[in-house]
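Presented below is the structure to which this report refers.
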Amino acid sequence: MNGVPRLLLAAAVASGLLIPAARAQDGMSAADRATLAACLSAAQGGRRTPETCIGAVQGPCMKQPGGETTSGMKACGGREIAAWDERLNAAYRSALAGDLGTQAAVRGGGSRTLTGADILRDAQRAWIAFRDRKCDAAGLPMEGGSGAGLQSVECHLGETARQAIFLDGLKAREP
């Protein structure tokens with residue numbers, strides 16, 4: 001990363017351009033996927049909410065040697081973001097391809113008809129823009145320090161996980 005301005009790199013990560021490929025290269029593994037899936041499966045039993053699984057990969061990773069350093073914390077967060085992002089993308093594709101995607105919805109006082117896919121696409125694009133700006137703002141109190149990047153990673157993790165859970169919920173409620 002030598003020579004790459006931190007702001008440019010942060011913008012690329014925040015915009016979503018680096019999420020799947022770069023974070024997967026940061027070390028997300030089948031074990032990370034399995035850890036998250038096991039936690040979510042256990043949460044379906046009703047004793048916990050899916051939100052309790054946020055940190056299921058990051059927490060244990062940060063207890064490993066090197067995980068307590070700034071770069072280690074970012075890498076651990078990146079691994080979990082990649083796992084949630086993968087779930088988010090799968091749930092989004094499933095919602096678009098399912099009954100929700102073809103469902104007609106009347107908007108604008110009955111003046112226009114949209115498909116569920118139109119609404120889901122618009123909502124996802126708006127969410128990405130919201131997440132990016134929100135996570136940019138999350139690091140502002142520590143701007144110029146290493147904590148700014150950590151705040152951004154934490155924000156991306158939480159927002160991505162909650163959106164994946166939301167999309168999974170839509171899929172689960174399909175008619």
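Labels for the structure tokens follow display order: chains A, B, ..., residues from 1 in each chain, ligands from 1.
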Run DSSP on the backbone and tell me which residues of range 36-134 of chain A come out as strand (DSSP E); list them as a list of chain:residue names.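 So the strand (DSSP E) residues in range 36-134 of chain A would be A:Ala104, A:Ala105, A:Val106, A:Arg107, A:Arg112, A:Thr113, A:Leu114, A:Thr115.
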Write out the residues from the selection above, keeping N, CA and C atoms, as a CSV table (one decimal), in the first residue's frame.
chain,number,residue,atom,x,y,z
A,104,ALA,N,-45.5,-6.8,-7.9
A,104,ALA,CA,-45.9,-5.4,-8.4
A,104,ALA,C,-46.2,-4.6,-7.1
A,105,ALA,N,-45.8,-3.3,-7.1
A,105,ALA,CA,-46.1,-2.4,-6.0
A,105,ALA,C,-46.5,-1.1,-6.7
A,106,VAL,N,-47.6,-0.6,-6.2
A,106,VAL,CA,-48.1,0.7,-6.7
A,106,VAL,C,-47.6,1.8,-5.8
A,107,ARG,N,-47.0,2.8,-6.4
A,107,ARG,CA,-46.4,3.9,-5.7
A,107,ARG,C,-46.9,5.3,-6.3
A,112,ARG,N,-47.8,5.1,-10.6
A,112,ARG,CA,-46.8,4.3,-11.2
A,112,ARG,C,-46.7,2.9,-10.5
A,113,THR,N,-46.4,1.9,-11.3
A,113,THR,CA,-46.2,0.6,-10.8
A,113,THR,C,-44.8,0.2,-11.0
A,114,LEU,N,-44.2,-0.3,-9.9
A,114,LEU,CA,-42.8,-0.8,-9.8
A,114,LEU,C,-42.8,-2.2,-9.5
A,115,THR,N,-41.8,-2.9,-9.9
A,115,THR,CA,-41.6,-4.3,-9.4
A,115,THR,C,-40.9,-4.3,-8.1
All residues 8 Å or closer to Ala83 in chain A, only C-alpha atoms, same chain fewer than 6 positions away omitted, as a CSV table (one decimal) with N, CA and C atoms, in the first residue's frame:
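New file result37.csv:
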chain,number,residue,atom,x,y,z
A,28,MET,N,-10.5,-13.8,5.0
A,28,MET,CA,-11.7,-14.5,5.2
A,28,MET,C,-11.6,-16.0,4.7
A,32,ASP,N,-14.4,-18.8,8.8
A,32,ASP,CA,-15.1,-17.5,9.1
A,32,ASP,C,-16.6,-17.7,8.7
A,33,ARG,N,-16.8,-18.2,7.5
A,33,ARG,CA,-18.2,-18.4,7.0
A,33,ARG,C,-18.9,-19.3,7.9
A,36,LEU,N,-19.8,-17.8,11.4
A,36,LEU,CA,-21.0,-16.9,11.2
A,36,LEU,C,-22.3,-17.7,11.0
Do you have, as a tab-separated table, the list of residues of range 120-162 of chain A lying at most 12 Å from range 89-100 of chain A, each with its nearest atom pair and that distance in Å to one decimal, counting only C-alpha atoms and ordered by chain then number?
residue	atom	partner	partner_atom	distance
A:Leu120	CA	A:Leu96	CA	7.3
A:Arg121	CA	A:Leu96	CA	8.3
A:Asp122	CA	A:Leu96	CA	11.8
A:Ala123	CA	A:Tyr92	CA	10.8
A:Gln124	CA	A:Tyr92	CA	8.5
A:Arg125	CA	A:Tyr92	CA	11.6
A:Thr160	CA	A:Asn89	CA	10.2
A:Ala161	CA	A:Asn89	CA	11.2
Store the residues of this selection in a file with C-alpha atoms, as a compact mmCIF listing (two decimals), in the first residue's frame.
# COMPACT_ATOMS: atom_id res chain seq x y z
CA LEU A 120 -35.06 -3.47 -3.74
CA ARG A 121 -32.43 -2.10 -6.15
CA ASP A 122 -33.25 1.50 -5.24
CA ALA A 123 -33.22 0.65 -1.54
CA GLN A 124 -29.88 -1.15 -1.78
CA ARG A 125 -28.27 1.73 -3.69
CA THR A 160 -23.18 -4.54 6.63
CA ALA A 161 -24.26 -7.13 9.18
Quick one: residues within 12 Å of Met142 in chain A, only C-alpha atoms, excluding same-chain residues fewer than 6 positions away - as an mmCIF file with N, CA and C atoms, in the first residue's frame?
data_model
loop_
_atom_site.group_PDB
_atom_site.id
_atom_site.type_symbol
_atom_site.label_atom_id
_atom_site.label_comp_id
_atom_site.auth_asym_id
_atom_site.auth_seq_id
_atom_site.Cartn_x
_atom_site.Cartn_y
_atom_site.Cartn_z
ATOM 1 N N ASP A 136 -18.006 7.177 6.983
ATOM 2 C CA ASP A 136 -17.046 8.281 6.860
ATOM 3 C C ASP A 136 -17.134 9.159 8.097
ATOM 4 N N ALA A 148 -9.321 6.464 13.558
ATOM 5 C CA ALA A 148 -10.316 6.801 12.537
ATOM 6 C C ALA A 148 -10.608 5.592 11.650
ATOM 7 N N GLY A 149 -9.576 4.910 11.237
ATOM 8 C CA GLY A 149 -9.760 3.717 10.406
ATOM 9 C C GLY A 149 -10.479 2.612 11.150
ATOM 10 N N LEU A 150 -10.172 2.458 12.429
ATOM 11 C CA LEU A 150 -10.847 1.436 13.227
ATOM 12 C C LEU A 150 -12.333 1.758 13.382
ATOM 13 N N GLN A 151 -12.651 3.028 13.583
ATOM 14 C CA GLN A 151 -14.055 3.428 13.696
ATOM 15 C C GLN A 151 -14.798 3.142 12.396
ATOM 16 N N SER A 152 -14.145 3.393 11.274
ATOM 17 C CA SER A 152 -14.757 3.132 9.978
ATOM 18 C C SER A 152 -14.998 1.641 9.780
#
What lies within 8 Å of Ala56 in chain A using only C-alpha atoms, ignoring chain neighbours under 5 positions off, as number ranges by chain? A: 35-36, 39, 80
What gap, in Å, lies between CA of Gly78 in chain A and CA of Ser41 in chain A?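 Straight-line distance from CA of Gly78 in chain A to CA of Ser41 in chain A works out to 22.0 Å.
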Please compute the CA of Gln58 in chain A-CA of Gly77 in chain A distance, one decimal, in Å.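 Distance between the two atoms: 5.4 Å.
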What's around Gly139 in chain A at 12 Å? Count only C-alpha atoms, leave out sequence neighbours fewer than 2 positions away in its own chain, and write the answer as a ChimeraX atom specification. /A:7,10,14,132-137,141-156
Write the selection just made, keeping N, CA and C atoms, as a PDB file, in the first residue's frame?
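That gives us part_18.pdb:
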ATOM      1  N   LEU A   7      -6.585   8.424   2.095  1.00  0.00           N
ATOM      2  CA  LEU A   7      -7.930   8.900   1.813  1.00  0.00           C
ATOM      3  C   LEU A   7      -8.511   8.201   0.589  1.00  0.00           C
ATOM      4  N   ALA A  10      -9.330   4.658   1.614  1.00  0.00           N
ATOM      5  CA  ALA A  10     -10.532   4.670   2.444  1.00  0.00           C
ATOM      6  C   ALA A  10     -11.779   4.900   1.601  1.00  0.00           C
ATOM      7  N   ALA A  14     -14.862   2.462   1.372  1.00  0.00           N
ATOM      8  CA  ALA A  14     -16.170   2.989   1.752  1.00  0.00           C
ATOM      9  C   ALA A  14     -17.172   2.896   0.613  1.00  0.00           C
ATOM     10  N   ASP A 132     -21.911   4.395   3.466  1.00  0.00           N
ATOM     11  CA  ASP A 132     -20.615   5.008   3.171  1.00  0.00           C
ATOM     12  C   ASP A 132     -20.458   6.350   3.875  1.00  0.00           C
ATOM     13  N   ARG A 133     -21.477   7.192   3.812  1.00  0.00           N
ATOM     14  CA  ARG A 133     -21.387   8.511   4.465  1.00  0.00           C
ATOM     15  C   ARG A 133     -21.376   8.363   5.976  1.00  0.00           C
ATOM     16  N   LYS A 134     -22.210   7.472   6.500  1.00  0.00           N
ATOM     17  CA  LYS A 134     -22.266   7.257   7.945  1.00  0.00           C
ATOM     18  C   LYS A 134     -20.911   6.771   8.455  1.00  0.00           C
ATOM     19  N   CYS A 135     -20.305   5.855   7.741  1.00  0.00           N
ATOM     20  CA  CYS A 135     -19.024   5.304   8.188  1.00  0.00           C
ATOM     21  C   CYS A 135     -17.879   6.286   7.968  1.00  0.00           C
ATOM     22  N   ASP A 136     -18.006   7.177   6.983  1.00  0.00           N
ATOM     23  CA  ASP A 136     -17.046   8.281   6.860  1.00  0.00           C
ATOM     24  C   ASP A 136     -17.134   9.159   8.097  1.00  0.00           C
ATOM     25  N   ALA A 137     -18.359   9.459   8.513  1.00  0.00           N
ATOM     26  CA  ALA A 137     -18.576  10.317   9.680  1.00  0.00           C
ATOM     27  C   ALA A 137     -18.108   9.646  10.968  1.00  0.00           C
ATOM     28  N   PRO A 141     -14.257  11.928  14.621  1.00  0.00           N
ATOM     29  CA  PRO A 141     -13.687  12.346  15.906  1.00  0.00           C
ATOM     30  C   PRO A 141     -12.210  11.960  16.090  1.00  0.00           C
ATOM     31  N   MET A 142     -11.745  11.000  15.326  1.00  0.00           N
ATOM     32  CA  MET A 142     -10.358  10.550  15.452  1.00  0.00           C
ATOM     33  C   MET A 142      -9.569  10.807  14.174  1.00  0.00           C
ATOM     34  N   GLU A 143     -10.081  11.680  13.315  1.00  0.00           N
ATOM     35  CA  GLU A 143      -9.447  11.959  12.027  1.00  0.00           C
ATOM     36  C   GLU A 143      -7.973  12.289  12.222  1.00  0.00           C
ATOM     37  N   GLY A 144      -7.145  11.681  11.386  1.00  0.00           N
ATOM     38  CA  GLY A 144      -5.709  11.895  11.454  1.00  0.00           C
ATOM     39  C   GLY A 144      -4.988  10.865  12.307  1.00  0.00           C
ATOM     40  N   GLY A 145      -5.729  10.099  13.076  1.00  0.00           N
ATOM     41  CA  GLY A 145      -5.131   9.071  13.918  1.00  0.00           C
ATOM     42  C   GLY A 145      -5.537   7.685  13.459  1.00  0.00           C
ATOM     43  N   SER A 146      -4.896   6.686  14.033  1.00  0.00           N
ATOM     44  CA  SER A 146      -5.197   5.309  13.628  1.00  0.00           C
ATOM     45  C   SER A 146      -6.598   4.886  14.042  1.00  0.00           C
ATOM     46  N   GLY A 147      -7.164   5.562  15.034  1.00  0.00           N
ATOM     47  CA  GLY A 147      -8.509   5.222  15.482  1.00  0.00           C
ATOM     48  C   GLY A 147      -9.576   5.518  14.455  1.00  0.00           C
ATOM     49  N   ALA A 148      -9.321   6.464  13.558  1.00  0.00           N
ATOM     50  CA  ALA A 148     -10.316   6.801  12.537  1.00  0.00           C
ATOM     51  C   ALA A 148     -10.608   5.592  11.650  1.00  0.00           C
ATOM     52  N   GLY A 149      -9.576   4.910  11.237  1.00  0.00           N
ATOM     53  CA  GLY A 149      -9.760   3.717  10.406  1.00  0.00           C
ATOM     54  C   GLY A 149     -10.479   2.612  11.150  1.00  0.00           C
ATOM     55  N   LEU A 150     -10.172   2.458  12.429  1.00  0.00           N
ATOM     56  CA  LEU A 150     -10.847   1.436  13.227  1.00  0.00           C
ATOM     57  C   LEU A 150     -12.333   1.758  13.382  1.00  0.00           C
ATOM     58  N   GLN A 151     -12.651   3.028  13.583  1.00  0.00           N
ATOM     59  CA  GLN A 151     -14.055   3.428  13.696  1.00  0.00           C
ATOM     60  C   GLN A 151     -14.798   3.142  12.396  1.00  0.00           C
ATOM     61  N   SER A 152     -14.145   3.393  11.274  1.00  0.00           N
ATOM     62  CA  SER A 152     -14.757   3.132   9.978  1.00  0.00           C
ATOM     63  C   SER A 152     -14.998   1.641   9.780  1.00  0.00           C
ATOM     64  N   VAL A 153     -14.026   0.813  10.146  1.00  0.00           N
ATOM     65  CA  VAL A 153     -14.180  -0.639  10.026  1.00  0.00           C
ATOM     66  C   VAL A 153     -15.336  -1.115  10.899  1.00  0.00           C
ATOM     67  N   GLU A 154     -15.390  -0.634  12.144  1.00  0.00           N
ATOM     68  CA  GLU A 154     -16.473  -1.029  13.049  1.00  0.00           C
ATOM     69  C   GLU A 154     -17.831  -0.637  12.476  1.00  0.00           C
ATOM     70  N   CYS A 155     -17.914   0.560  11.922  1.00  0.00           N
ATOM     71  CA  CYS A 155     -19.156   1.034  11.324  1.00  0.00           C
ATOM     72  C   CYS A 155     -19.544   0.157  10.131  1.00  0.00           C
ATOM     73  N   HIS A 156     -18.598  -0.115   9.245  1.00  0.00           N
ATOM     74  CA  HIS A 156     -18.893  -0.960   8.080  1.00  0.00           C
ATOM     75  C   HIS A 156     -19.338  -2.355   8.513  1.00  0.00           C
TER      76      HIS A 156
END
So that I can check the secondary structure, give me every residue of range 17-92 of chain A assigned helix (DSSP H, G or I) by backbone DSSP, as a PyMOL selection string. chain A and resi 19-25+30-43+50-53+58-62+70-92
